[in-house]
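Asks: This is start.txt, which holds compact mmCIF, C-alpha atoms and all ligand atoms:
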```txt
# COMPACT_ATOMS: atom_id res chain seq x y z
CA MET Z 3 109.58 98.23 134.54
CA ILE Z 4 106.04 99.10 133.44
CA GLU Z 5 104.73 96.51 130.99
CA ALA Z 6 101.71 96.35 128.68
CA VAL Z 7 98.54 95.35 130.55
CA LYS Z 8 97.64 91.64 130.62
CA GLY Z 9 95.74 90.70 127.46
CA ALA Z 10 96.97 93.75 125.50
CA ARG Z 11 100.08 93.80 123.36
CA ASP Z 12 102.25 95.92 121.10
CA ILE Z 13 102.32 95.15 117.40
CA LEU Z 14 105.97 95.66 116.56
CA PRO Z 15 107.56 96.98 113.36
CA GLU Z 16 108.80 93.50 112.39
CA GLU Z 17 105.23 92.12 112.35
CA ILE Z 18 103.39 95.20 111.06
CA GLY Z 19 103.82 94.12 107.42
CA ARG Z 20 101.43 91.22 108.03
CA TRP Z 21 98.83 93.56 109.55
CA GLN Z 22 99.14 96.11 106.77
CA PHE Z 23 98.82 93.37 104.16
CA VAL Z 24 95.59 92.13 105.76
CA GLU Z 25 94.17 95.63 106.24
CA ALA Z 26 94.99 96.69 102.67
CA GLY Z 27 93.35 93.48 101.40
CA ALA Z 28 90.21 94.22 103.44
CA ARG Z 29 89.92 97.78 102.16
CA ALA Z 30 90.54 96.83 98.54
CA THR Z 31 88.04 93.94 98.59
CA PHE Z 32 85.25 95.68 100.50
CA GLU Z 33 85.51 98.81 98.35
CA LEU Z 34 85.14 96.66 95.20
CA TYR Z 35 81.69 95.73 96.52
CA GLY Z 36 80.63 99.32 97.27
CA PHE Z 37 81.44 99.48 101.00
CA HIS Z 38 82.64 102.69 102.65
CA GLU Z 39 84.71 102.94 105.81
CA ILE Z 40 83.21 104.22 109.05
CA ARG Z 41 85.16 104.99 112.24
CA THR Z 42 83.13 105.03 115.42
CA PRO Z 43 84.42 105.96 118.91
CA ILE Z 44 86.25 103.39 121.04
CA PHE Z 45 83.80 103.99 123.90
CA GLU Z 46 80.03 104.26 123.92
CA SER Z 47 77.21 104.54 126.44
CA THR Z 48 76.94 101.22 128.25
CA GLU Z 49 73.24 101.14 127.43
CA LEU Z 50 74.02 100.67 123.73
CA PHE Z 51 75.55 97.27 124.39
CA LEU Z 52 72.94 96.25 126.98
CA ARG Z 53 70.21 96.87 124.40
CA GLY Z 54 72.20 95.78 121.35
CA ILE Z 55 74.07 92.63 122.37
CA GLY Z 56 71.62 91.59 125.10
CA GLU Z 57 71.94 91.24 128.86
CA GLY Z 58 71.80 87.43 128.67
CA SER Z 59 74.97 87.24 126.56
CA ASP Z 60 78.38 86.35 128.02
CA ILE Z 61 79.82 89.57 126.60
CA VAL Z 62 77.43 91.77 128.57
CA ALA Z 63 77.26 89.53 131.64
CA LYS Z 64 81.00 89.20 132.25
CA GLU Z 65 83.29 90.59 129.56
CA MET Z 66 82.72 94.33 129.26
CA TYR Z 67 85.16 97.03 130.27
CA THR Z 68 82.63 99.35 131.90
CA PHE Z 69 83.51 102.45 133.93
CA ALA Z 70 81.98 105.68 135.16
CA ASP Z 71 83.40 108.92 133.76
CA ARG Z 72 83.96 112.01 135.90
CA LYS Z 73 80.29 112.94 135.70
CA GLY Z 74 79.20 109.42 136.70
CA ARG Z 75 77.98 108.39 133.20
CA SER Z 76 78.40 104.68 132.51
CA LEU Z 77 80.67 104.11 129.52
CA THR Z 78 81.96 100.89 127.95
CA LEU Z 79 84.95 100.18 125.72
CA ARG Z 80 83.34 98.65 122.64
CA PRO Z 81 83.39 94.82 122.80
CA GLU Z 82 82.22 94.67 119.18
CA ASN Z 83 81.23 97.15 116.51
CA THR Z 84 77.84 96.13 115.09
CA ALA Z 85 75.86 97.97 117.79
CA PRO Z 86 78.05 101.14 117.49
CA VAL Z 87 77.75 101.16 113.68
CA ALA Z 88 73.96 100.70 113.97
CA ARG Z 89 73.90 103.59 116.46
CA ALA Z 90 75.81 105.79 114.00
CA TYR Z 91 73.50 104.69 111.17
CA ILE Z 92 70.48 105.87 113.17
CA GLU Z 93 72.12 109.01 114.57
CA HIS Z 94 73.18 110.31 111.15
CA GLY Z 95 69.93 109.44 109.39
CA MET Z 96 71.79 107.28 106.87
CA ARG Z 97 68.52 105.71 105.78
CA ARG Z 98 67.62 109.00 104.10
CA ARG Z 99 70.88 109.05 102.16
CA SER Z 100 70.56 105.65 100.56
CA GLU Z 101 68.16 102.75 100.69
CA VAL Z 102 70.99 100.24 101.17
CA GLU Z 103 74.06 101.37 103.12
CA ARG Z 104 77.28 99.35 103.09
CA LEU Z 105 79.86 100.15 105.79
CA TYR Z 106 83.15 98.59 106.88
CA TYR Z 107 85.51 99.16 109.80
CA ILE Z 108 88.93 98.20 111.09
CA GLY Z 109 89.90 98.76 114.70
CA PRO Z 110 90.39 97.58 118.28
CA MET Z 111 87.71 95.93 120.45
CA PHE Z 112 87.85 95.08 124.16
CA ARG Z 113 86.62 92.05 126.09
CA TYR Z 114 87.59 90.93 129.56
CA GLU Z 115 88.31 87.30 128.68
CA ARG Z 116 91.01 84.92 129.92
CA PRO Z 117 93.93 85.59 127.55
CA GLN Z 118 95.31 82.65 125.59
CA LYS Z 119 96.60 81.97 122.08
CA GLY Z 120 94.28 83.89 119.73
CA ARG Z 121 92.32 85.45 122.59
CA MET Z 122 93.19 88.92 123.84
CA ARG Z 123 91.54 91.57 125.98
CA GLN Z 124 92.34 94.21 123.39
CA PHE Z 125 91.97 92.61 119.98
CA HIS Z 126 91.21 93.89 116.50
CA GLN Z 127 88.46 93.27 113.99
CA THR Z 128 87.69 94.19 110.46
CA GLY Z 129 84.02 93.90 109.68
CA VAL Z 130 81.21 94.99 107.42
CA GLU Z 131 77.57 95.87 107.95
CA VAL Z 132 74.88 96.12 105.26
CA PHE Z 133 71.73 98.02 106.24
CA GLY Z 134 68.46 98.23 104.35
CA SER Z 135 67.73 94.89 102.67
CA ASP Z 136 66.58 91.54 103.99
CA HIS Z 137 66.96 89.92 100.58
CA PRO Z 138 68.81 86.59 100.79
CA ALA Z 139 71.07 87.79 97.95
CA VAL Z 140 72.65 90.22 100.46
CA ASP Z 141 73.58 87.32 102.73
CA ALA Z 142 75.01 85.28 99.86
CA GLU Z 143 76.88 88.11 98.17
CA THR Z 144 78.40 89.34 101.44
CA LEU Z 145 79.58 85.79 102.17
CA GLU Z 146 80.99 85.55 98.66
CA MET Z 147 82.89 88.82 99.28
CA LEU Z 148 84.19 87.49 102.58
CA LEU Z 149 85.55 84.36 100.91
CA ALA Z 150 87.08 86.49 98.10
CA PHE Z 151 88.85 88.53 100.81
CA LEU Z 152 90.21 85.41 102.52
CA ALA Z 153 91.27 83.89 99.18
CA ARG Z 154 93.12 87.10 98.31
CA LEU Z 155 95.17 86.63 101.49
CA GLY Z 156 95.97 83.06 100.43
CA LEU Z 157 93.76 81.40 103.07
CA LYS Z 158 92.42 78.04 102.06
CA GLU Z 159 90.93 74.98 103.75
CA LEU Z 160 88.51 77.02 105.76
CA ASP Z 161 85.31 75.64 107.19
CA LEU Z 162 82.23 77.83 106.60
CA VAL Z 163 79.52 76.82 109.06
CA LEU Z 164 76.01 78.08 108.45
CA ASN Z 165 72.73 78.08 110.34
CA SER Z 166 69.47 79.95 110.57
CA VAL Z 167 68.55 81.07 114.09
CA GLY Z 168 65.05 82.07 112.99
CA CYS Z 169 63.01 85.11 113.98
CA PRO Z 170 61.31 85.98 117.31
CA ARG Z 171 58.27 83.95 116.21
CA CYS Z 172 60.19 80.69 115.57
CA ARG Z 173 62.32 81.36 118.60
CA SER Z 174 59.47 81.52 121.08
CA ASP Z 175 58.26 78.08 119.88
CA TYR Z 176 61.80 76.72 119.97
CA ARG Z 177 62.40 78.11 123.46
CA ALA Z 178 59.60 75.86 124.75
CA VAL Z 179 61.10 72.84 122.94
CA LEU Z 180 64.52 73.60 124.38
CA LEU Z 181 63.21 74.03 127.93
CA ARG Z 182 61.56 70.60 127.65
CA HIS Z 183 64.93 69.11 126.61
CA LEU Z 184 66.82 70.87 129.39
CA GLY Z 185 64.30 70.12 132.15
CA PRO Z 186 65.71 66.71 133.19
CA HIS Z 187 69.29 68.07 133.03
CA GLU Z 188 68.58 71.16 135.11
CA PRO Z 189 69.99 69.85 138.43
CA VAL Z 190 73.43 69.17 136.84
CA LEU Z 191 73.74 72.31 134.72
CA CYS Z 192 76.40 74.84 135.78
CA ASP Z 193 75.53 78.05 137.66
CA ASP Z 194 75.88 80.14 134.50
CA CYS Z 195 73.41 77.89 132.70
CA HIS Z 196 70.92 78.27 135.56
CA ARG Z 197 71.17 82.02 135.00
CA ARG Z 198 70.80 81.48 131.23
CA LEU Z 199 67.74 79.26 131.74
CA GLN Z 200 65.97 82.15 133.41
CA ALA Z 201 67.10 84.93 131.07
CA ASN Z 202 67.35 83.16 127.72
CA PRO Z 203 67.79 79.37 127.46
CA LEU Z 204 69.21 79.72 123.92
CA ARG Z 205 72.32 81.18 125.56
CA CYS Z 206 73.06 77.73 127.08
CA PHE Z 207 74.67 77.03 123.68
CA ASP Z 208 77.47 79.45 124.72
CA CYS Z 209 78.46 77.26 127.70
CA LYS Z 210 82.07 76.05 127.75
CA VAL Z 211 81.58 73.42 130.54
CA PRO Z 212 82.14 69.98 128.91
CA ALA Z 213 79.10 68.25 130.49
CA ASP Z 214 76.80 71.11 129.51
CA ARG Z 215 78.22 71.16 126.01
CA GLU Z 216 77.29 67.50 125.68
CA THR Z 217 73.77 68.26 126.85
CA MET Z 218 73.52 71.05 124.29
CA ALA Z 219 74.99 68.93 121.49
CA ALA Z 220 72.07 66.55 121.99
CA ALA Z 221 69.50 69.39 122.11
CA PRO Z 222 66.98 69.78 119.29
CA ALA Z 223 68.27 72.13 116.58
CA ILE Z 224 66.48 75.42 115.94
CA LEU Z 225 66.83 74.73 112.23
CA ASP Z 226 64.16 72.04 112.58
CA HIS Z 227 61.79 74.53 114.21
CA LEU Z 228 61.83 77.46 111.77
CA CYS Z 229 58.64 79.18 110.58
CA ALA Z 230 57.84 78.94 106.87
CA ALA Z 231 59.23 82.42 106.01
CA CYS Z 232 62.57 81.78 107.77
CA ARG Z 233 62.84 78.33 106.19
CA GLU Z 234 62.32 79.85 102.76
CA HIS Z 235 64.87 82.62 103.42
CA PHE Z 236 67.51 80.10 104.47
CA GLY Z 237 66.77 77.92 101.45
CA ARG Z 238 67.31 80.88 99.14
CA VAL Z 239 70.60 81.87 100.81
CA ARG Z 240 71.80 78.30 100.36
CA SER Z 241 70.74 78.16 96.76
CA TYR Z 242 72.65 81.38 95.92
CA LEU Z 243 75.72 79.96 97.67
CA ASP Z 244 75.35 76.75 95.65
CA ASP Z 245 75.16 78.83 92.46
CA PHE Z 246 78.42 80.54 93.47
CA GLY Z 247 79.95 77.08 94.00
CA ILE Z 248 80.72 77.96 97.64
CA SER Z 249 80.98 74.95 99.93
CA TYR Z 250 79.68 75.13 103.48
CA ARG Z 251 78.47 72.94 106.29
CA VAL Z 252 75.08 73.43 107.96
CA ASP Z 253 75.16 73.17 111.76
CA GLY Z 254 71.67 73.53 113.21
CA ARG Z 255 73.14 74.21 116.67
CA LEU Z 256 75.35 77.14 115.76
CA MET Z 257 73.77 79.90 117.85
CA ARG Z 258 76.45 82.67 118.10
CA GLY Z 259 76.97 84.55 121.36
CA LEU Z 260 75.09 87.78 120.65
CA ASP Z 261 71.35 88.27 121.00
CA TYR Z 262 70.77 90.40 117.89
CA TYR Z 263 70.96 87.64 115.28
CA ARG Z 264 67.95 86.61 113.22
CA ARG Z 265 67.86 84.07 110.42
CA THR Z 266 71.32 83.54 108.84
CA ALA Z 267 74.19 83.01 111.30
CA PHE Z 268 77.66 81.76 110.38
CA GLU Z 269 81.24 81.28 111.42
CA VAL Z 270 84.41 80.42 109.57
CA LEU Z 271 86.73 78.05 111.40
CA ALA Z 272 90.43 77.75 110.59
CA PRO Z 273 91.93 74.35 111.48
CA GLY Z 274 95.40 75.71 112.37
CA LEU Z 275 94.21 78.03 115.14
CA GLY Z 276 93.82 75.56 118.01
CA ALA Z 277 91.15 76.07 120.68
CA GLN Z 278 90.20 79.57 119.49
CA ASN Z 279 89.49 78.38 115.97
CA ALA Z 280 86.74 80.85 115.00
CA LEU Z 281 88.36 83.17 112.51
CA LEU Z 282 85.21 85.22 112.13
CA GLY Z 283 81.50 85.31 112.75
CA GLY Z 284 78.45 87.11 111.55
CA GLY Z 285 74.88 86.98 110.42
CA ARG Z 286 71.64 88.82 109.93
CA TYR Z 287 70.25 91.19 112.59
CA ASP Z 288 66.95 92.46 111.25
CA GLY Z 289 65.62 93.79 114.58
CA LEU Z 290 68.71 95.58 115.89
CA VAL Z 291 68.24 99.04 114.37
CA GLU Z 292 64.66 99.15 115.64
CA ASP Z 293 65.68 97.86 119.10
CA LEU Z 294 68.13 100.77 119.28
CA GLY Z 295 65.37 103.29 118.58
CA GLY Z 296 65.74 103.54 114.78
CA PRO Z 297 63.44 102.67 111.89
CA PRO Z 298 62.70 99.00 111.07
CA VAL Z 299 65.78 98.45 108.90
CA PRO Z 300 67.22 94.97 108.38
CA GLY Z 301 70.97 94.33 108.59
CA PHE Z 302 73.63 91.75 107.80
CA GLY Z 303 77.36 91.64 108.52
CA PHE Z 304 80.42 89.89 109.87
CA ALA Z 305 83.60 90.62 111.78
CA VAL Z 306 86.97 88.92 111.33
CA GLY Z 307 89.41 88.67 114.25
CA LEU Z 308 92.63 90.20 112.94
CA GLU Z 309 94.96 88.50 115.45
CA ARG Z 310 93.60 85.13 114.30
CA LEU Z 311 93.74 86.15 110.65
CA VAL Z 312 97.35 87.33 110.88
CA MET Z 313 98.29 84.05 112.61
CA SER Z 314 96.66 82.06 109.80
CA LEU Z 315 98.44 83.77 106.90
CA PRO Z 316 100.30 81.27 104.75
CA GLY Z 317 104.12 81.52 104.56
CA SER Z 318 103.80 82.23 100.84
CA ALA Z 319 102.01 85.58 101.40
CA VAL Z 320 103.93 88.40 99.73
CA LEU Z 321 104.19 90.97 102.47
CA PRO Z 322 105.30 94.59 102.26
CA ASP Z 323 108.79 94.58 103.80
CA GLY Z 324 109.13 98.34 104.47
CA ALA Z 325 112.83 98.07 103.55
CA PRO Z 326 114.52 101.29 102.37
CA ASP Z 327 115.73 101.74 98.80
CA VAL Z 328 118.83 103.55 99.94
CA VAL Z 329 120.73 103.92 103.23
CA MET Z 330 123.10 106.88 103.40
CA VAL Z 331 126.53 105.96 104.75
CA ALA Z 332 128.38 109.16 105.57
CA SER Z 333 131.70 109.66 107.31
CA GLY Z 334 132.32 113.07 108.93
CA GLU Z 335 130.31 116.28 109.19
CA ALA Z 336 130.94 117.46 105.63
CA ALA Z 337 129.63 114.15 104.30
CA ILE Z 338 126.50 114.33 106.48
CA GLY Z 339 125.73 117.76 105.01
CA ARG Z 340 125.94 116.38 101.47
CA ALA Z 341 124.02 113.24 102.42
CA LEU Z 342 121.12 115.34 103.77
CA SER Z 343 120.69 117.16 100.49
CA LEU Z 344 121.10 114.00 98.35
CA ALA Z 345 118.56 112.11 100.51
CA ARG Z 346 116.06 114.94 100.13
CA GLY Z 347 116.36 114.80 96.34
CA LEU Z 348 115.93 111.00 96.26
CA ARG Z 349 112.82 111.15 98.45
CA ARG Z 350 111.33 113.78 96.17
CA SER Z 351 111.57 111.26 93.37
CA GLY Z 352 109.73 108.71 95.53
CA ARG Z 353 112.57 106.60 96.94
CA ARG Z 354 112.67 105.44 100.54
CA VAL Z 355 115.84 106.74 102.11
CA VAL Z 356 117.24 106.35 105.63
CA LEU Z 357 119.85 108.70 106.98
CA ASP Z 358 121.15 108.10 110.50
CA PRO Z 359 123.70 110.83 111.31
CA LEU Z 360 126.43 108.81 113.00
CA PRO Z 361 129.64 110.72 112.18
CA GLY Z 362 131.73 108.84 114.75
CA LYS Z 363 130.77 105.36 113.43
CA SER Z 364 133.07 103.64 110.99
CA LEU Z 365 131.90 103.12 107.40
CA LYS Z 366 132.02 99.39 108.09
CA SER Z 367 129.56 99.52 110.99
CA GLN Z 368 127.29 101.84 109.02
CA MET Z 369 127.35 99.30 106.15
CA ARG Z 370 126.33 96.60 108.64
CA ARG Z 371 123.34 98.72 109.62
CA ALA Z 372 122.37 99.15 105.92
CA ASN Z 373 122.42 95.35 105.60
CA ASP Z 374 120.37 94.92 108.78
CA LEU Z 375 117.73 97.27 107.36
CA LYS Z 376 117.66 95.09 104.20
CA ALA Z 377 118.27 98.18 102.07
CA ARG Z 378 118.69 97.73 98.32
CA TYR Z 379 121.58 100.24 98.10
CA ALA Z 380 124.10 101.95 100.31
CA LEU Z 381 125.10 105.41 99.14
CA ILE Z 382 128.59 105.93 100.50
CA LEU Z 383 130.14 109.30 101.17
CA GLY Z 384 133.61 108.53 102.60
CA GLU Z 385 136.59 110.88 102.83
CA ARG Z 386 137.69 110.07 99.28
CA GLU Z 387 134.25 110.75 97.84
CA VAL Z 388 133.92 114.05 99.73
CA ALA Z 389 137.37 115.21 98.60
CA GLN Z 390 136.62 114.38 94.94
CA GLY Z 391 132.96 115.47 94.91
CA LEU Z 392 131.86 111.94 93.98
CA LEU Z 393 129.74 109.25 95.60
CA THR Z 394 129.76 105.46 95.68
CA LEU Z 395 126.61 103.45 95.15
CA LYS Z 396 126.76 99.87 96.36
CA ARG Z 397 124.10 97.26 95.55
CA LEU Z 398 123.84 95.18 98.70
CA ALA Z 399 122.46 92.01 97.12
CA ASP Z 400 125.69 91.31 95.17
CA GLY Z 401 128.16 93.92 96.47
CA ILE Z 402 128.65 95.52 93.02
CA GLN Z 403 129.55 99.19 93.38
CA VAL Z 404 130.15 102.19 91.13
CA THR Z 405 131.66 105.56 91.88
CA ILE Z 406 129.83 108.34 90.07
CA GLY Z 407 129.20 112.07 90.03
CA GLU Z 408 126.17 113.45 91.87
CA GLY Z 409 124.45 114.32 88.61
CA ASP Z 410 124.45 110.64 87.59
CA LEU Z 411 122.76 109.31 90.72
CA GLU Z 412 119.15 109.22 89.48
CA THR Z 413 120.02 107.70 86.10
CA THR Z 414 122.25 105.07 87.73
CA LEU Z 415 119.50 104.06 90.18
CA ALA Z 416 116.87 104.00 87.43
CA GLY Z 417 119.15 101.96 85.15
CA ALA Z 418 119.97 99.51 87.94
CA ALA Z 419 116.26 99.05 88.69
CA ARG Z 420 115.69 98.13 85.01
CA ALA Z 421 118.69 95.77 84.84
P1 LIG A 1 82.10 87.73 117.41
O1 LIG A 1 81.90 86.32 116.98
O2 LIG A 1 81.87 88.04 118.84
O3 LIG A 1 81.16 88.61 116.48
O4 LIG A 1 83.58 88.18 117.03
C1 LIG A 1 84.06 88.04 115.70
C2 LIG A 1 85.49 87.56 115.71
O5 LIG A 1 86.30 88.41 116.52
C3 LIG A 1 85.70 86.17 116.32
O6 LIG A 1 85.39 85.15 115.39
C4 LIG A 1 87.17 86.21 116.65
O7 LIG A 1 87.96 85.96 115.48
C5 LIG A 1 87.38 87.66 117.04
N1 LIG A 1 87.43 87.76 118.52
C6 LIG A 1 86.38 87.84 119.38
N2 LIG A 1 86.82 87.91 120.65
C7 LIG A 1 88.17 87.91 120.59
C8 LIG A 1 89.22 87.98 121.57
N3 LIG A 1 88.97 88.11 122.86
N4 LIG A 1 90.52 87.93 121.13
C9 LIG A 1 90.81 87.81 119.80
N5 LIG A 1 89.85 87.74 118.85
C10 LIG A 1 88.55 87.80 119.22
C11 LIG A 1 81.06 89.98 116.55
O8 LIG A 1 81.83 90.69 117.13
C12 LIG A 1 79.94 90.53 115.69
N6 LIG A 1 79.92 91.99 115.86
C13 LIG A 1 80.14 90.15 114.24
C14 LIG A 1 79.09 90.71 113.35
C15 LIG A 1 79.20 91.79 112.55
N7 LIG A 1 77.86 90.24 113.22
C16 LIG A 1 77.20 91.00 112.36
N8 LIG A 1 78.00 91.95 111.96
```
Mind turning the file's structure into structure tokens?
Ligand code: HAM
Replies:
Amino acid sequence: MIEAVKGARDILPEEIGRWQFVEAGARATFELYGFHEIRTPIFESTELFLRGIGEGSDIVAKEMYTFADRKGRSLTLRPENTAPVARAYIEHGMRRRSEVERLYYIGPMFRYERPQKGRMRQFHQTGVEVFGSDHPAVDAETLEMLLAFLARLGLKELDLVLNSVGCPRCRSDYRAVLLRHLGPHEPVLCDDCHRRLQANPLRCFDCKVPADRETMAAAPAILDHLCAACREHFGRVRSYLDDFGISYRVDGRLMRGLDYYRRTAFEVLAPGLGAQNALLGGGRYDGLVEDLGGPPVPGFGFAVGLERLVMSLPGSAVLPDGAPDVVMVASGEAAIGRALSLARGLRRSGRRVVLDPLPGKSLKSQMRRANDLKARYALILGEREVAQGLLTLKRLADGIQVTIGEGDLETTLAGAARA
């Protein structure tokens, strides 16, 4: 038997309601705030991610699905969508269309990570990107929208963790401070951290090795080494959040695993998720568009992991069930012919109808199937009904049934819906 590849999985019809609920909530919320959907390709030139996410990041160093196409061009399945959306923003000259551009996306991403609960190799994100303003009100309002989205899904008790990772100016000062802290620990740091020390010591915050994590937990925080402009920006973001009444926790060591961040960086943690407890992450990336060859346009955004979001939905969420309004139960060929035309009429008036032509199956087993599908009604065309030109409508919740003429079907269904 051929099975799905390790770290990739099917989302089955019985769970799709949860996904559709989350996706519909994302679209409705983001569109309320003026965002428009963008769909970028699943694969991009590898160079986009090398320049966008940064070669010192774990994603680029060890998690990308990179391959050569038939002409030898290096392509990569997108591990995230901020760099691709920034590429599209530049390529289509969106700056000329509007000063501030708000885009959102929903789709699969790919990272070669060790699969575990909440961590997949093909996973899904919904995210937003705002281009064109570095005003702290963008940070605060986008965070407010994010929390409105999560609240709409019924998610509570979330932990919003906030930091400012500064700009290149504060970072070069901080780099020296960090290297001084790490110096005495260098002999015991892991091999990856030795690599990080050379390329970008700030990436040592990504290390998962317990001893190194302890070293990093005791490291000086970048928040205490911000330049005046970054400090002021962060203060204003916080004050807008306070005005909104949004609670958050400041963690001066939250660095995020991608190189493009500047100033605001944040994550939302969900306590029920276990080890992979980051529901989402995001921040400001004011240099990214320029680094990718575009104009100097600031940006801000976030991406939510949909697997983790779907797992965190409360039991009380009202999900679309996809159940049919009517299942046709027809015995014999003549009945199937009539059922086809009745079903067509019902669908034209907007009802969900299922017709499985199973002439050899007893009415009883067809009724069982209607129950399994959680249909509201069974429309029964047995031998008696066919002979008399009638039909029987049975409400499955309480078993009440009426035998009526075809012409009365719509009014009976409409009346029953009102009752
Ligand atoms: P990220 O923190 O790498 O940020 O990913 C965002 C979210 O995607 C994570 O918090 C997590 O929920 C989910 N995620 C990441 N990797 C996996 C995985 N292997 N399996 C399941 N879920 C996963 C970004 O991707 C940035 N592009 C976010 C952003 C947008 N920043 C600015 N704009």
Asks: Taking all atoms listed in the file and a cut-off of 7 Å, can you tell me which residues surround ligand LIG 1 (chain A), written as a VMD selection string?
Replies: chain Z and resid 82 to 84 113 115 120 to 127 129 to 131 258 to 259 269 280 to 287 302 to 310
Asks: Between Z:Pro298, Z:Val167, Z:Arg255, Z:Gln390, which is the closest to Ser135 (chain Z) once you count all atoms listed in the file?
Replies: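 Among the listed residues, Z:Pro298 lies closest to Ser135 (chain Z).
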Asks: From the set Z:Cys206, Z:Leu160, Z:Leu181, Z:Cys232, which residue has the shortest atom-to-atom contact distance to His137 (chain Z), counting all atoms listed in the file?
Replies: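 Result for the nearest residue to His137 (chain Z): Z:Cys232.
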Asks: Which value, in Å to one decimal, gives the distance between CA of Lys366 (chain Z) and CA of Ala341 (chain Z)?
Replies: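 A separation of 17.0 Å between them.
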Asks: With distances taken over only C-alpha atoms, which of Z:Leu164, Z:Ala277, Z:Ala6, Z:Leu395 is nearest to Arg265 (chain Z)?
Replies: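 Closest residue, counting only C-alpha atoms: Z:Leu164.
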Asks: Quick one: pull the distance between CA of Pro170 (chain Z) and CA of Arg233 (chain Z), Å, one decimal.
Replies: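 Pair CA of Pro170 (chain Z) / CA of Arg233 (chain Z) returns 13.6 Å.
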Asks: Skip region 407-421 of chain Z itself and residues of its chain fewer than 6 positions away, then list as a VMD selection string all residues within 8 Å of it, counting only C-alpha atoms.
Replies: chain Z and resid 348 391 to 393
Asks: Just checking: using all atoms listed in the file, which residue out of Z:Tyr67, Z:Ala26, Z:Ser351, Z:Glu143 ends up closest to Asp245 (chain Z)?
Replies: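 Nearest candidate to Asp245 (chain Z) out of Z:Tyr67, Z:Ala26, Z:Ser351, Z:Glu143: Z:Glu143.
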Asks: Could you tell me, as a list in words, which residues have any atom at most 10 Å from (68.1, 88.9, 100.9), counting all atoms listed in the file?
Replies: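 Those residues, ordered by chain and then number, are Gly134, Ser135, Asp136, His137, Pro138, Ala139, Val140, Asp141, Ala142, Glu143, His235, Phe236, Arg238, Val239, Arg286, Pro300, Gly301 and Phe302 of chain Z.
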Asks: Which of these residues is nearest to Leu162 (chain Z), using only C-alpha atoms: Z:Asp253, Z:Glu49, Z:Asp194, Z:Glu387?
Replies: Z:Asp253
Asks: Identify which of the residues Z:Leu50, Z:Leu148, Z:Ala267, Z:Ile18 lies closest to Arg89 (chain Z), counting all atoms listed in the file when measuring atom-to-atom distances.
Replies: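 When distances to Arg89 (chain Z) are compared using all atoms listed in the file, the smallest one comes from Z:Leu50.
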Asks: May I have the protein, DNA and RNA residues with any atom at most 8 Å from the point (126.1, 109.8, 109.8), counting only C-alpha atoms, written as a ChimeraX atom specification?
Replies: /Z:330-335,337-338,357-363
Asks: Take the selection from the previous step and output its residues with C-alpha atoms, as an mmCIF file, in the frame of the given file.
Replies:
```cif
data_model
loop_
_atom_site.group_PDB
_atom_site.id
_atom_site.type_symbol
_atom_site.label_atom_id
_atom_site.label_comp_id
_atom_site.auth_asym_id
_atom_site.auth_seq_id
_atom_site.Cartn_x
_atom_site.Cartn_y
_atom_site.Cartn_z
ATOM 1 C CA MET Z 330 123.100 106.880 103.400
ATOM 2 C CA VAL Z 331 126.530 105.960 104.750
ATOM 3 C CA ALA Z 332 128.380 109.160 105.570
ATOM 4 C CA SER Z 333 131.700 109.660 107.310
ATOM 5 C CA GLY Z 334 132.320 113.070 108.930
ATOM 6 C CA GLU Z 335 130.310 116.280 109.190
ATOM 7 C CA ALA Z 337 129.630 114.150 104.300
ATOM 8 C CA ILE Z 338 126.500 114.330 106.480
ATOM 9 C CA LEU Z 357 119.850 108.700 106.980
ATOM 10 C CA ASP Z 358 121.150 108.100 110.500
ATOM 11 C CA PRO Z 359 123.700 110.830 111.310
ATOM 12 C CA LEU Z 360 126.430 108.810 113.000
ATOM 13 C CA PRO Z 361 129.640 110.720 112.180
ATOM 14 C CA GLY Z 362 131.730 108.840 114.750
ATOM 15 C CA LYS Z 363 130.770 105.360 113.430
#
```
Asks: So that I can check the surroundings of Phe246 (chain Z), please list as a ChimeraX atom specification every protein, DNA and RNA residue that reaches within 9 Å of it, counting only C-alpha atoms and ignoring chain neighbours fewer than 3 positions away.
Replies: /Z:142,146,241-243,249
Asks: Can you measure CA of Leu77 (chain Z) to CA of Ser47 (chain Z) for me? One decimal in Å is fine.
Replies: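 CA of Ser47 (chain Z) lies 4.7 Å from CA of Leu77 (chain Z).
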Asks: With only C-alpha atoms as the counted atoms, please give the residues lying no more than 10 Å from Phe51 (chain Z), apart from itself and same-chain residues fewer than 2 positions off, as a ChimeraX atom specification.
Replies: /Z:46-49,53-57,61-62,66,77-86,294
Asks: Could you name the residues that touch Thr394 (chain Z) at 7 Å or less, counting all atoms listed in the file, but leaving out those on the same chain fewer than 2 positions away, as an MDAnalysis selection string?
Replies: chainID Z and resid 381:383 396 403:406
Asks: Please, which residues in region 232-323 of chain Z fall within 10 Å of region 94-98 of chain Z when counting all atoms listed in the file, and what is the closest atom pair and distance in Å to one decimal for each, ordered by chain then residue number, as a Markdown table?
Replies:
```
| residue | atom | partner | partner_atom | distance |
| --- | --- | --- | --- | --- |
| Z:Gly296 | CA | Z:Gly95 | CA | 9.0 |
| Z:Pro297 | CA | Z:Arg97 | CA | 8.5 |
| Z:Val299 | CA | Z:Arg97 | CA | 8.4 |
```
